[in-house]
file upload-v7.cif (mmCIF, C-alpha atoms)
data_start
#
loop_
_atom_site.label_atom_id
_atom_site.label_comp_id
_atom_site.auth_asym_id
_atom_site.auth_seq_id
_atom_site.Cartn_x
_atom_site.Cartn_y
_atom_site.Cartn_z
CA MET Z 273 21.10 -45.36 -381.25
CA THR Z 274 24.51 -43.62 -381.22
CA TYR Z 275 22.91 -40.93 -383.31
CA LEU Z 276 20.27 -40.40 -380.66
CA PHE Z 277 22.90 -40.22 -377.93
CA SER Z 278 24.99 -37.59 -379.65
CA ASN Z 279 21.88 -35.56 -380.19
CA ALA Z 280 21.01 -35.87 -376.54
CA ARG Z 281 24.50 -34.75 -375.61
CA PHE Z 282 24.23 -31.71 -377.83
CA ALA Z 283 20.88 -30.87 -376.32
CA GLY Z 284 22.35 -31.23 -372.84
CA VAL Z 285 25.28 -28.92 -373.58
CA PHE Z 286 22.94 -26.45 -375.21
CA ILE Z 287 20.64 -26.37 -372.18
CA MET Z 288 23.65 -26.02 -369.85
CA LEU Z 289 24.87 -23.01 -371.82
CA LEU Z 290 21.43 -21.48 -371.77
CA LEU Z 291 21.20 -21.93 -368.01
CA LEU Z 292 24.64 -20.48 -367.43
CA SER Z 293 24.12 -17.47 -369.64
CA GLY Z 294 20.83 -16.89 -367.90
CA CYS Z 295 22.82 -15.98 -364.79
CA ALA Z 296 24.87 -13.41 -366.66
CA ARG Z 297 22.12 -10.87 -367.05
CA ASN Z 298 22.98 -7.21 -366.93
CA PRO Z 299 23.08 -5.73 -363.46
CA VAL Z 300 20.22 -3.32 -363.17
CA LEU Z 301 21.30 0.26 -362.71
CA LEU Z 302 18.76 2.68 -361.36
CA GLN Z 303 17.35 5.05 -363.92
CA SER Z 304 18.43 7.89 -361.64
CA THR Z 305 22.04 6.71 -361.96
CA TYR Z 306 21.89 7.09 -365.73
CA GLN Z 307 20.38 10.53 -365.39
CA ALA Z 308 22.48 11.92 -362.56
CA LEU Z 309 25.97 10.72 -363.51
CA PRO Z 310 28.25 11.96 -366.25
CA PRO Z 311 28.39 9.35 -369.03
CA HIS Z 312 32.14 8.87 -368.69
CA THR Z 313 34.52 9.15 -365.73
CA GLU Z 314 38.09 8.06 -365.33
CA ILE Z 315 40.32 9.02 -362.42
CA THR Z 316 43.57 8.91 -364.37
CA SER Z 317 45.62 10.32 -361.49
CA VAL Z 318 45.56 6.94 -359.69
CA PRO Z 319 49.03 5.41 -360.16
CA PHE Z 320 49.41 1.81 -361.24
CA TYR Z 321 51.56 -0.88 -359.66
CA ALA Z 322 51.45 -4.33 -361.20
CA GLN Z 323 51.03 -7.05 -358.64
CA THR Z 324 53.72 -9.68 -358.25
CA GLU Z 325 52.77 -13.18 -357.12
CA PHE Z 326 49.89 -12.92 -354.66
CA GLN Z 327 50.40 -9.28 -353.78
CA CYS Z 328 47.24 -7.70 -355.14
CA GLY Z 329 46.33 -6.51 -351.62
CA PRO Z 330 49.52 -4.48 -351.06
CA ALA Z 331 49.46 -3.30 -354.71
CA THR Z 332 45.90 -1.92 -354.53
CA LEU Z 333 46.63 -0.27 -351.18
CA ALA Z 334 49.75 1.38 -352.61
CA MET Z 335 47.68 2.76 -355.50
CA VAL Z 336 44.94 4.32 -353.39
CA LEU Z 337 47.27 5.51 -350.62
CA ASN Z 338 49.65 7.18 -353.07
CA HIS Z 339 46.65 8.74 -354.76
CA GLN Z 340 45.86 10.25 -351.34
CA GLY Z 341 49.37 11.63 -351.15
CA VAL Z 342 50.61 9.09 -348.60
CA ASP Z 343 54.29 8.33 -348.97
CA THR Z 344 54.45 4.54 -349.12
CA ASP Z 345 55.07 1.72 -351.59
CA VAL Z 346 54.29 -1.94 -352.23
CA GLU Z 347 57.51 -3.09 -350.55
CA GLU Z 348 56.57 -1.34 -347.32
CA LEU Z 349 52.98 -2.56 -347.44
CA ILE Z 350 53.68 -6.26 -348.01
CA PRO Z 351 54.81 -7.00 -344.42
CA GLN Z 352 51.91 -4.86 -343.12
CA VAL Z 353 49.02 -6.58 -344.87
CA PHE Z 354 50.10 -9.78 -346.63
CA LEU Z 355 49.46 -13.14 -344.92
CA PRO Z 356 52.11 -15.61 -346.13
CA GLY Z 357 50.18 -18.60 -344.79
CA ARG Z 358 47.10 -17.67 -346.79
CA ASP Z 359 48.90 -16.44 -349.92
CA GLY Z 360 46.78 -13.32 -349.78
CA SER Z 361 45.39 -10.45 -347.73
CA VAL Z 362 42.14 -10.44 -345.73
CA GLN Z 363 39.54 -7.69 -345.60
CA PRO Z 364 39.85 -6.52 -341.96
CA GLU Z 365 43.59 -6.04 -342.39
CA MET Z 366 43.10 -4.13 -345.63
CA LEU Z 367 41.02 -1.58 -343.71
CA ALA Z 368 43.37 -1.59 -340.71
CA THR Z 369 46.43 -0.96 -342.88
CA VAL Z 370 44.78 2.09 -344.42
CA ARG Z 371 44.34 3.45 -340.90
CA ARG Z 372 47.98 2.75 -340.06
CA HIS Z 373 48.81 5.28 -342.74
CA GLU Z 374 46.56 7.84 -341.07
CA GLN Z 375 43.81 7.63 -343.63
CA LEU Z 376 40.24 6.50 -343.10
CA ALA Z 377 38.75 3.48 -344.87
CA PHE Z 378 35.03 3.60 -345.54
CA PRO Z 379 33.24 0.44 -346.72
CA ILE Z 380 30.76 1.38 -349.45
CA ARG Z 381 27.21 0.23 -350.00
CA GLY Z 382 27.34 -2.90 -352.15
CA THR Z 383 25.54 -1.83 -355.29
CA MET Z 384 26.69 -0.91 -358.79
CA ASP Z 385 24.92 2.43 -358.37
CA ALA Z 386 26.90 3.27 -355.24
CA LEU Z 387 30.15 2.18 -356.91
CA LEU Z 388 29.60 4.40 -359.96
CA ASN Z 389 28.56 7.32 -357.75
CA HIS Z 390 31.83 7.12 -355.83
CA LEU Z 391 33.79 7.08 -359.07
CA ALA Z 392 31.85 10.06 -360.38
CA ALA Z 393 32.64 11.89 -357.12
CA GLY Z 394 36.35 11.31 -357.79
CA ASP Z 395 36.99 8.57 -355.23
CA PRO Z 396 38.71 5.43 -356.56
CA VAL Z 397 37.18 2.31 -355.00
CA VAL Z 398 39.09 -0.77 -353.85
CA VAL Z 399 36.87 -3.72 -354.76
CA MET Z 400 37.16 -7.36 -353.85
CA GLN Z 401 36.19 -9.89 -356.50
CA ASN Z 402 36.07 -13.60 -356.90
CA LEU Z 403 37.30 -13.85 -360.48
CA SER Z 404 36.48 -17.53 -360.64
CA LEU Z 405 33.54 -19.63 -359.47
CA PRO Z 406 32.53 -20.16 -355.83
CA ILE Z 407 33.70 -23.80 -355.90
CA TYR Z 408 37.20 -22.75 -357.02
CA PRO Z 409 37.58 -19.20 -355.74
CA MET Z 410 40.23 -16.75 -356.90
CA TRP Z 411 39.91 -13.82 -354.55
CA HIS Z 412 41.24 -10.62 -355.94
CA TYR Z 413 41.53 -6.92 -355.05
CA ALA Z 414 41.46 -4.27 -357.74
CA VAL Z 415 40.98 -0.51 -357.89
CA ALA Z 416 37.96 0.73 -359.83
CA ILE Z 417 38.93 4.08 -361.35
CA GLY Z 418 36.20 4.84 -363.87
CA TYR Z 419 33.31 3.76 -366.06
CA ASP Z 420 31.65 4.41 -369.39
CA LEU Z 421 27.87 4.36 -369.25
CA PRO Z 422 27.06 4.09 -372.98
CA SER Z 423 29.18 0.95 -373.36
CA GLU Z 424 28.40 -0.26 -369.81
CA THR Z 425 32.07 -0.71 -369.06
CA LEU Z 426 33.99 -0.45 -365.82
CA ILE Z 427 37.64 0.62 -365.80
CA LEU Z 428 40.00 -0.92 -363.26
CA ARG Z 429 43.63 -1.09 -362.28
CA SER Z 430 43.78 -4.82 -361.78
CA GLY Z 431 46.56 -7.36 -361.29
CA GLU Z 432 49.09 -6.84 -364.05
CA ILE Z 433 46.80 -4.74 -366.23
CA GLY Z 434 47.03 -0.98 -365.81
CA ARG Z 435 43.76 -0.23 -367.54
CA HIS Z 436 41.48 -3.23 -367.42
CA THR Z 437 38.07 -2.68 -368.99
CA MET Z 438 35.25 -4.99 -368.14
CA SER Z 439 31.53 -5.04 -368.87
CA PHE Z 440 29.27 -4.12 -365.95
CA SER Z 441 27.67 -7.56 -366.09
CA ARG Z 442 30.94 -9.49 -365.96
CA PHE Z 443 32.27 -7.26 -363.20
CA ASP Z 444 29.09 -7.54 -361.20
CA ALA Z 445 29.15 -11.33 -361.50
CA THR Z 446 32.66 -11.42 -360.01
CA TRP Z 447 31.88 -8.73 -357.43
CA ALA Z 448 28.63 -10.31 -356.24
CA ARG Z 449 30.66 -13.35 -355.10
CA THR Z 450 32.24 -11.20 -352.34
CA GLU Z 451 28.85 -9.76 -351.39
CA ARG Z 452 29.99 -6.68 -353.31
CA TRP Z 453 32.70 -5.67 -350.87
CA GLY Z 454 34.62 -2.46 -351.45
CA PHE Z 455 35.91 0.65 -349.75
CA VAL Z 456 37.07 4.20 -350.41
CA VAL Z 457 39.89 6.04 -348.67
CA ALA Z 458 39.77 9.60 -347.32
CA GLU Z 459 41.97 11.78 -345.18
CA PRO Z 460 40.87 12.81 -341.67
CA GLY Z 461 38.37 15.66 -341.66
CA THR Z 462 36.75 14.64 -344.92
CA LEU Z 463 33.84 12.32 -345.51
CA PRO Z 464 33.35 10.85 -348.99
CA THR Z 465 29.86 11.38 -350.38
CA GLY Z 466 27.47 8.47 -350.43
CA ILE Z 467 28.78 6.60 -347.37
CA THR Z 468 25.99 5.42 -345.06
CA ALA Z 469 25.90 6.95 -341.58
CA ARG Z 470 26.41 3.55 -339.99
CA ASN Z 471 29.49 2.71 -342.08
CA ALA Z 472 30.92 6.15 -341.41
CA LEU Z 473 30.38 5.80 -337.65
CA GLU Z 474 32.19 2.46 -337.60
CA ALA Z 475 35.04 3.78 -339.76
CA LEU Z 476 35.54 6.89 -337.62
CA SER Z 477 35.30 4.94 -334.40
CA ALA Z 478 37.91 2.46 -335.63
CA TYR Z 479 40.19 5.36 -336.57
CA GLU Z 480 39.66 6.85 -333.12
CA GLU Z 481 40.66 3.57 -331.49
CA ALA Z 482 43.96 3.68 -333.37
CA HIS Z 483 44.81 7.38 -333.27
CA GLY Z 484 42.82 8.84 -330.37
CA PRO Z 485 39.86 11.21 -330.18
CA ARG Z 486 41.79 14.41 -330.84
CA ALA Z 487 43.08 13.13 -334.17
CA THR Z 488 39.51 12.15 -335.07
CA LEU Z 489 37.85 15.39 -333.98
CA SER Z 490 37.85 16.95 -337.46
CA SER Z 491 36.26 13.81 -338.89
CA TRP Z 492 33.48 13.84 -336.28
CA GLN Z 493 32.87 17.48 -337.15
CA ALA Z 494 32.56 16.54 -340.82
CA PHE Z 495 30.22 13.69 -339.89
CA VAL Z 496 27.94 15.92 -337.82
CA LYS Z 497 27.83 18.42 -340.66
CA ARG Z 498 26.73 15.67 -343.05
CA HIS Z 499 24.31 13.99 -340.63
CA PRO Z 500 23.16 16.76 -338.30
CA THR Z 501 20.30 14.72 -336.83
CA ASN Z 502 22.36 11.64 -335.97
CA ALA Z 503 22.42 11.38 -332.16
CA MET Z 504 25.35 8.96 -332.11
CA GLY Z 505 27.39 11.41 -334.17
CA GLN Z 506 26.70 14.24 -331.72
CA PHE Z 507 27.62 11.97 -328.84
CA ALA Z 508 30.90 10.96 -330.47
CA LEU Z 509 31.67 14.61 -331.28
CA GLY Z 510 31.04 15.43 -327.62
CA ASN Z 511 33.59 12.85 -326.54
CA ALA Z 512 36.18 14.10 -329.03
CA LEU Z 513 35.63 17.72 -327.96
CA TYR Z 514 35.96 16.68 -324.33
CA ALA Z 515 39.26 14.95 -325.12
CA ASP Z 516 40.34 18.14 -326.89
CA GLN Z 517 39.61 20.08 -323.68
CA GLN Z 518 36.65 22.00 -324.99
CA PRO Z 519 34.16 21.17 -322.22
CA ASP Z 520 31.65 23.84 -323.22
CA ASN Z 521 31.38 22.62 -326.79
CA ALA Z 522 31.33 19.05 -325.56
CA ARG Z 523 28.40 19.85 -323.31
CA LYS Z 524 26.52 21.37 -326.24
CA ALA Z 525 27.13 18.27 -328.35
CA PHE Z 526 25.90 15.96 -325.56
CA GLU Z 527 22.82 18.15 -325.08
CA ARG Z 528 22.13 18.00 -328.78
CA ALA Z 529 22.45 14.19 -328.66
CA THR Z 530 19.89 13.98 -325.86
CA GLU Z 531 17.53 16.26 -327.79
CA LEU Z 532 17.82 14.08 -330.86
CA ASP Z 533 17.43 10.84 -328.94
CA GLU Z 534 15.83 11.20 -325.52
CA LYS Z 535 16.44 7.53 -324.82
CA MET Z 536 20.22 7.66 -325.29
CA GLY Z 537 21.36 6.84 -321.77
CA ALA Z 538 25.06 7.22 -322.55
CA ALA Z 539 24.55 10.80 -323.75
CA TRP Z 540 22.61 11.75 -320.58
CA LEU Z 541 25.28 10.07 -318.48
CA ASN Z 542 28.21 11.83 -320.16
CA LEU Z 543 26.35 15.13 -319.99
CA GLY Z 544 25.79 14.58 -316.28
CA LEU Z 545 29.40 13.58 -315.58
CA LEU Z 546 30.66 16.56 -317.53
CA LEU Z 547 28.39 18.96 -315.65
CA LEU Z 548 29.53 17.40 -312.41
CA GLN Z 549 33.16 18.07 -313.31
CA ASN Z 550 32.27 21.67 -314.13
CA ASP Z 551 30.62 22.29 -310.76
CA ALA Z 552 27.04 22.44 -311.95
CA PRO Z 553 25.52 19.92 -309.52
CA ASP Z 554 21.88 20.85 -310.13
CA ALA Z 555 22.06 20.47 -313.89
CA ALA Z 556 24.18 17.34 -313.39
CA ARG Z 557 21.56 15.83 -311.11
CA GLU Z 558 18.91 16.43 -313.74
CA ALA Z 559 20.91 14.73 -316.49
CA LEU Z 560 21.97 11.83 -314.27
CA THR Z 561 18.37 11.28 -313.19
CA GLN Z 562 17.44 10.91 -316.84
CA ALA Z 563 20.32 8.48 -317.39
CA ALA Z 564 19.45 6.46 -314.29
CA ALA Z 565 15.85 6.10 -315.44
CA LEU Z 566 16.83 4.56 -318.76
CA GLU Z 567 17.43 0.85 -318.92
CA GLY Z 568 20.71 -0.22 -320.45
CA SER Z 569 24.40 -0.76 -319.86
CA TRP Z 570 24.91 2.72 -318.36
CA GLN Z 571 22.04 2.71 -315.88
CA GLU Z 572 24.22 1.32 -313.09
CA LYS Z 573 26.97 3.86 -313.56
CA ALA Z 574 24.42 6.68 -313.64
CA ARG Z 575 22.83 5.46 -310.40
CA LEU Z 576 26.19 5.34 -308.66
CA ALA Z 577 27.03 8.86 -309.77
CA LEU Z 578 23.61 10.10 -308.71
CA ASP Z 579 23.84 8.43 -305.29
CA SER Z 580 27.23 9.91 -304.55
CA LEU Z 581 25.98 13.31 -305.67
CA ASN Z 582 22.96 13.09 -303.38
CA ASN Z 583 25.10 11.94 -300.44
CA ASP Z 584 27.43 14.92 -300.64
CA MET F 1119 46.77 -22.07 -327.24
CA LYS F 1120 44.10 -23.49 -324.90
CA THR F 1121 46.30 -22.97 -321.87
CA LEU F 1122 47.14 -19.44 -322.93
CA ARG F 1123 43.44 -18.72 -323.26
CA ALA F 1124 42.61 -20.23 -319.87
CA TYR F 1125 45.45 -18.38 -318.23
CA LEU F 1126 44.43 -15.11 -319.80
CA SER F 1127 40.77 -15.51 -318.84
CA THR F 1128 41.67 -16.10 -315.21
CA LEU F 1129 43.96 -13.13 -315.24
CA LEU F 1130 41.35 -10.92 -316.84
CA ILE F 1131 38.56 -11.97 -314.54
CA ALA F 1132 40.80 -11.33 -311.56
CA ALA F 1133 41.84 -7.95 -312.95
CA LEU F 1134 38.27 -6.88 -313.60
CA VAL F 1135 37.07 -8.03 -310.19
CA ILE F 1136 39.89 -6.23 -308.42
CA THR F 1137 39.41 -3.01 -310.36
CA SER F 1138 35.67 -3.04 -309.70
CA LEU F 1139 36.11 -3.60 -305.92
CA PRO F 1140 36.92 -0.03 -304.92
CA VAL F 1141 33.84 1.21 -306.76
CA ALA F 1142 31.59 -1.21 -304.92
CA ALA F 1143 33.18 -0.57 -301.55
CA ALA F 1144 33.24 3.20 -301.70
CA PRO F 1145 31.11 4.89 -304.31
CA THR F 1146 32.74 8.26 -303.76
CA ALA F 1147 34.85 10.62 -305.84
CA PRO F 1148 32.55 11.21 -308.79
CA GLN F 1149 35.27 13.50 -310.18
CA SER F 1150 37.24 10.44 -311.16
CA MET F 1151 34.40 8.93 -313.17
CA ASP F 1152 35.40 8.76 -316.79
CA LEU F 1153 33.03 9.58 -319.59
CA VAL F 1154 31.58 6.70 -321.56
CA SER F 1155 33.57 6.21 -324.76
CA THR F 1156 32.09 6.25 -328.24
CA GLN F 1157 33.53 2.78 -328.90
CA SER F 1158 31.80 1.18 -325.93
CA VAL F 1159 28.45 2.63 -327.02
CA LEU F 1160 28.90 1.36 -330.56
CA ALA F 1161 30.02 -2.01 -329.19
CA ALA F 1162 26.96 -2.16 -326.95
CA ASP F 1163 24.92 -1.60 -330.10
CA ARG F 1164 26.48 -4.80 -331.38
CA ALA F 1165 26.46 -6.84 -328.14
CA GLY F 1166 26.81 -6.66 -324.34
CA ALA F 1167 29.56 -4.63 -322.68
CA ASP F 1168 31.90 -6.12 -320.04
CA ARG F 1169 31.92 -9.64 -321.41
CA GLU F 1170 32.58 -8.09 -324.75
CA ARG F 1171 35.71 -6.46 -323.36
CA ILE F 1172 37.12 -9.75 -322.13
CA ASN F 1173 36.35 -11.32 -325.49
CA GLU F 1174 38.07 -8.51 -327.32
CA ILE F 1175 41.27 -8.83 -325.34
CA LEU F 1176 41.22 -12.60 -325.81
CA ALA F 1177 40.52 -12.10 -329.50
CA ARG F 1178 43.62 -9.97 -329.86
CA ALA F 1179 45.77 -12.66 -328.22
CA ASP F 1180 44.18 -15.17 -330.57
CA VAL F 1181 44.82 -13.09 -333.67
CA GLN F 1182 48.42 -12.53 -332.61
CA ASP F 1183 48.89 -16.30 -332.37
CA GLN F 1184 47.27 -16.90 -335.73
CA LEU F 1185 49.29 -14.23 -337.52
CA VAL F 1186 52.49 -15.82 -336.24
CA LYS F 1187 51.26 -19.18 -337.49
CA GLN F 1188 50.49 -17.66 -340.89
CA GLY F 1189 54.09 -16.62 -341.22
CA VAL F 1190 53.87 -12.90 -340.48
CA ASP F 1191 57.15 -11.33 -339.38
CA LEU F 1192 57.43 -11.22 -335.59
CA ASP F 1193 58.40 -7.55 -335.72
CA GLU F 1194 55.18 -6.79 -337.56
CA VAL F 1195 52.70 -8.95 -335.65
CA GLU F 1196 52.18 -6.56 -332.78
CA ALA F 1197 51.68 -3.50 -334.96
CA ARG F 1198 49.23 -5.40 -337.15
CA VAL F 1199 47.15 -6.57 -334.21
CA ALA F 1200 47.20 -3.09 -332.72
CA SER F 1201 45.90 -1.52 -335.91
CA LEU F 1202 42.75 -3.66 -335.90
CA SER F 1203 39.62 -2.20 -334.34
CA ASP F 1204 37.91 -4.32 -331.69
CA ALA F 1205 35.27 -5.43 -334.16
CA GLU F 1206 37.89 -6.39 -336.73
CA ALA F 1207 39.99 -8.26 -334.18
CA GLN F 1208 36.88 -10.21 -333.20
CA GLN F 1209 36.16 -11.03 -336.83
CA MET F 1210 39.75 -12.18 -337.42
CA ALA F 1211 39.74 -14.34 -334.29
CA ASP F 1212 36.42 -15.95 -335.15
CA GLN F 1213 36.94 -16.70 -338.80
CA LEU F 1214 40.43 -16.07 -340.11
CA GLU F 1215 40.45 -19.50 -341.74
CA GLN F 1216 37.25 -18.77 -343.65
CA LEU F 1217 37.97 -15.17 -344.59
CA PRO F 1218 38.71 -14.85 -348.31
CA ALA F 1219 42.28 -13.78 -348.92
CA GLY F 1220 42.64 -11.65 -352.02
CA ALA F 1221 45.55 -12.94 -354.07
CA GLY F 1222 44.74 -12.55 -357.73
CA VAL F 1223 44.93 -14.99 -360.60
CA VAL F 1224 47.01 -18.08 -359.96
CA GLY F 1225 47.48 -21.20 -362.05
CA ALA F 1226 44.42 -23.45 -362.31
CA LEU F 1227 44.08 -27.19 -362.91
CA PHE F 1228 43.38 -28.27 -366.47
CA ALA F 1229 39.79 -29.40 -365.90
CA VAL F 1230 39.09 -26.21 -364.03
CA PHE F 1231 40.81 -24.32 -366.83
CA ILE F 1232 38.27 -25.60 -369.35
CA ILE F 1233 35.28 -24.77 -367.15
CA LEU F 1234 36.60 -21.32 -366.36
CA LEU F 1235 37.35 -20.72 -370.04
CA VAL F 1236 33.69 -21.39 -370.82
CA THR F 1237 32.39 -19.27 -367.95
CA ASP F 1238 34.82 -16.54 -368.98
CA ILE F 1239 33.43 -16.53 -372.49
CA LEU F 1240 29.94 -16.41 -371.04
CA GLY F 1241 30.86 -13.34 -369.02
CA LEU F 1242 30.49 -14.96 -365.62
CA THR F 1243 34.13 -14.89 -364.56
CA ASP F 1244 37.28 -12.93 -365.36
CA VAL F 1245 40.17 -15.36 -365.06
CA TYR F 1246 41.57 -15.11 -368.61
CA PRO F 1247 41.33 -11.59 -370.03
CA PHE F 1248 42.44 -12.95 -373.44
CA THR F 1249 38.96 -14.39 -373.98
CA ARG F 1250 37.80 -10.98 -375.17
#
call {"tool": "encode", "arguments": {"input": "upload-v7.cif", "output": "structure tokens"}}
result
Amino acid sequence: MTYLFSNARFAGVFIMLLLLSGCARNPVLLQSTYQALPPHTEITSVPFYAQTEFQCGPATLAMVLNHQGVDTDVEELIPQVFLPGRDGSVQPEMLATVRRHEQLAFPIRGTMDALLNHLAAGDPVVVMQNLSLPIYPMWHYAVAIGYDLPSETLILRSGEIGRHTMSFSRFDATWARTERWGFVVAEPGTLPTGITARNALEALSAYEEAHGPRATLSSWQAFVKRHPTNAMGQFALGNALYADQQPDNARKAFERATELDEKMGAAWLNLGLLLLQNDAPDAAREALTQAAALEGSWQEKARLALDSLNND
Amino acid sequence: MKTLRAYLSTLLIAALVITSLPVAAAPTAPQSMDLVSTQSVLAADRAGADRERINEILARADVQDQLVKQGVDLDEVEARVASLSDAEAQQMADQLEQLPAGAGVVGALFAVFIILLVTDILGLTDVYPFTR
């Protein structure tokens, strides 16, 4: 009887292990990733600061910001990003703190392929992991600085370890628990490769909120160069050019936005308002008529502008 | 907290009503009409506009309160709130308690230690680098 029980226990443990290891399968990398990327990359120029206590947020930020040439250190960053009540740092503030240092933070697409591509392009990636299990989370920020394809290993600056190597599968298991959250840092006017248009728009817009349209102009120009057919990008560029007192170029950007997306009421409206300011009432009327005909948040404003123009 | 919120809402509603009055009364002076900002268009992509603005301002007040409660230096609170984008402020206000806070490896209970040791060996977690 006891014999049977101990056998059953063994069987149970064995099945548990099988089940658990079943989850730890290798993350699938696209074949194109293997073909397109160099087999080994390591961005050794990223400095390392060991974290003390719960300060992995400030430590990772110091590493990537110093790598960008920003003059700051962990001591300065702690009061800017660390939340004493939570014994840690939260994601929105990680991004916001990067912007405080006049750099842009771009969330990356959450796949291993995207991560490796950023590393190959020379951009270190701040990643958020849950090193433990979901029921007992240990949230952690680290900086991915390289990889080795043949051995399927990722290289990180993590916690107190300056060069932490980790198999793709183990890393992906810990990364997947944060929905594969990570970001790269770039200076204004540059756009890291591989960032989705949507993520870039949000990142640039957030930077503009903090530092104003003129400081963001060069970034919008870079965005439009990368995504020439993105109507929202042209619209945003128009606004930045307008703020920079280049009404002619702004008008061209707004026109381009309306060509790319005829249903973009805000672009028609801004084009109309700009033409109105530049004493071109006929062209303004045309643009405002378009804006007033489109349903949406700007219809009302367009109608008002059109009415007052017609009453003059 | 509640009273602050109520007070602020009233104030905001009043402010918005008052500022919108002149436009309704006299729709003249098109020269003064500002261009639509990139942020408001992106925000409208996410949700509706004017109500959104009230929410955002309230969210910032909320976040400020919460940061103070979480022990952030008073000198820093304002700068930290200001550096958040509207979307981020909203996210912080809605779910600061649930947001994961990256901290790194900290001591674990003994039972948890054993489980994590096993999962570490299996390559599921990375709590104890000495397992390799």
call {"tool": "resolve_selection", "arguments": {"input": "upload-v7.cif", "expression": "the PyMOL selection byres ((chain F) within 6 of (chain Z))", "output": "NGL selection string"}}
result
:F and (1146 or 1149 or 1153 or 1156 or 1188-1189 or 1201-1203 or 1206 or 1219-1222 or 1241-1245)
call {"tool": "closest_residue", "arguments": {"input": "upload-v7.cif", "among": "Z:Gln506, Z:Phe495, Z:Ala393, Z:Ala416", "to": "Asn521 in chain Z", "atoms": "all atoms listed in the file"}}
result
Z:Gln506
call {"tool": "atom_distance", "arguments": {"input": "upload-v7.cif", "atom1": "CA of Val457 in chain Z", "atom2": "CA of Ala334 in chain Z"}}
result
11.6 Å
call {"tool": "residues_around", "arguments": {"input": "upload-v7.cif", "residues": "range 1208-1214 of chain F", "least_positions_apart": "3", "cutoff": "10 Å", "atoms": "all atoms listed in the file", "output": "ChimeraX atom specification"}}
result
/Z:358,362-365 /F:1170,1173-1185,1199,1202-1205,1217-1219
call {"tool": "write_last_selection", "arguments": {"input": "upload-v7.cif", "atoms": "C-alpha atoms", "output": "compact mmCIF listing (two decimals), in the frame of the given file"}}
result
# COMPACT_ATOMS: atom_id res chain seq x y z
CA ARG Z 358 47.10 -17.67 -346.79
CA VAL Z 362 42.14 -10.44 -345.73
CA GLN Z 363 39.54 -7.69 -345.60
CA PRO Z 364 39.85 -6.52 -341.96
CA GLU Z 365 43.59 -6.04 -342.39
CA GLU F 1170 32.58 -8.09 -324.75
CA ASN F 1173 36.35 -11.32 -325.49
CA GLU F 1174 38.07 -8.51 -327.32
CA ILE F 1175 41.27 -8.83 -325.34
CA LEU F 1176 41.22 -12.60 -325.81
CA ALA F 1177 40.52 -12.10 -329.50
CA ARG F 1178 43.62 -9.97 -329.86
CA ALA F 1179 45.77 -12.66 -328.22
CA ASP F 1180 44.18 -15.17 -330.57
CA VAL F 1181 44.82 -13.09 -333.67
CA GLN F 1182 48.42 -12.53 -332.61
CA ASP F 1183 48.89 -16.30 -332.37
CA GLN F 1184 47.27 -16.90 -335.73
CA LEU F 1185 49.29 -14.23 -337.52
CA VAL F 1199 47.15 -6.57 -334.21
CA LEU F 1202 42.75 -3.66 -335.90
CA SER F 1203 39.62 -2.20 -334.34
CA ASP F 1204 37.91 -4.32 -331.69
CA ALA F 1205 35.27 -5.43 -334.16
CA LEU F 1217 37.97 -15.17 -344.59
CA PRO F 1218 38.71 -14.85 -348.31
CA ALA F 1219 42.28 -13.78 -348.92
call {"tool": "atom_distance", "arguments": {"input": "upload-v7.cif", "atom1": "CA of Lys535 in chain Z", "atom2": "CA of Ala574 in chain Z"}}
result
13.8 Å
call {"tool": "atom_distance", "arguments": {"input": "upload-v7.cif", "atom1": "CA of Pro311 in chain Z", "atom2": "CA of Ile467 in chain Z"}}
result
21.8 Å
call {"tool": "closest_residue", "arguments": {"input": "upload-v7.cif", "among": "Z:Gln493, Z:Gln517, Z:Thr344, Z:Thr425", "to": "Leu388 in chain Z", "atoms": "only C-alpha atoms"}}
result
Z:Thr425
call {"tool": "closest_residue", "arguments": {"input": "upload-v7.cif", "among": "Z:Ile407, Z:Ala322, Z:Leu547, Z:Leu489", "to": "Arg449 in chain Z", "atoms": "only C-alpha atoms"}}
result
Z:Ile407
call {"tool": "residues_around", "arguments": {"input": "upload-v7.cif", "residues": "Asp343 in chain Z", "least_positions_apart": "5", "cutoff": "10 Å", "atoms": "all atoms listed in the file", "output": "VMD selection string"}}
result
chain Z and resid 334 337 to 338 373
call {"tool": "closest_residue", "arguments": {"input": "upload-v7.cif", "among": "Z:Met384, Z:Ala331, Z:Ala563, Z:Ile350", "to": "Val1190 in chain F", "atoms": "all atoms listed in the file"}}
result
Z:Ile350
call {"tool": "resolve_selection", "arguments": {"input": "upload-v7.cif", "expression": "the PyMOL selection byres ((chain Z and resi 463) around 8)", "output": "PyMOL selection string"}}
result
chain Z and resi 458+461-462+464-465+467+472+491+494-495
call {"tool": "residues_near_point", "arguments": {"input": "upload-v7.cif", "point": "(22.4, 14.4, -328.5)", "cutoff": "8 Å", "atoms": "all atoms listed in the file", "output": "PyMOL selection string"}}
result
chain Z and resi 502-504+506-507+525-534+536+539
call {"tool": "closest_residue", "arguments": {"input": "upload-v7.cif", "among": "Z:Ala564, Z:Ile417, Z:Leu391, Z:Ile380", "to": "Pro310 in chain Z", "atoms": "all atoms listed in the file"}}
result
Z:Leu391
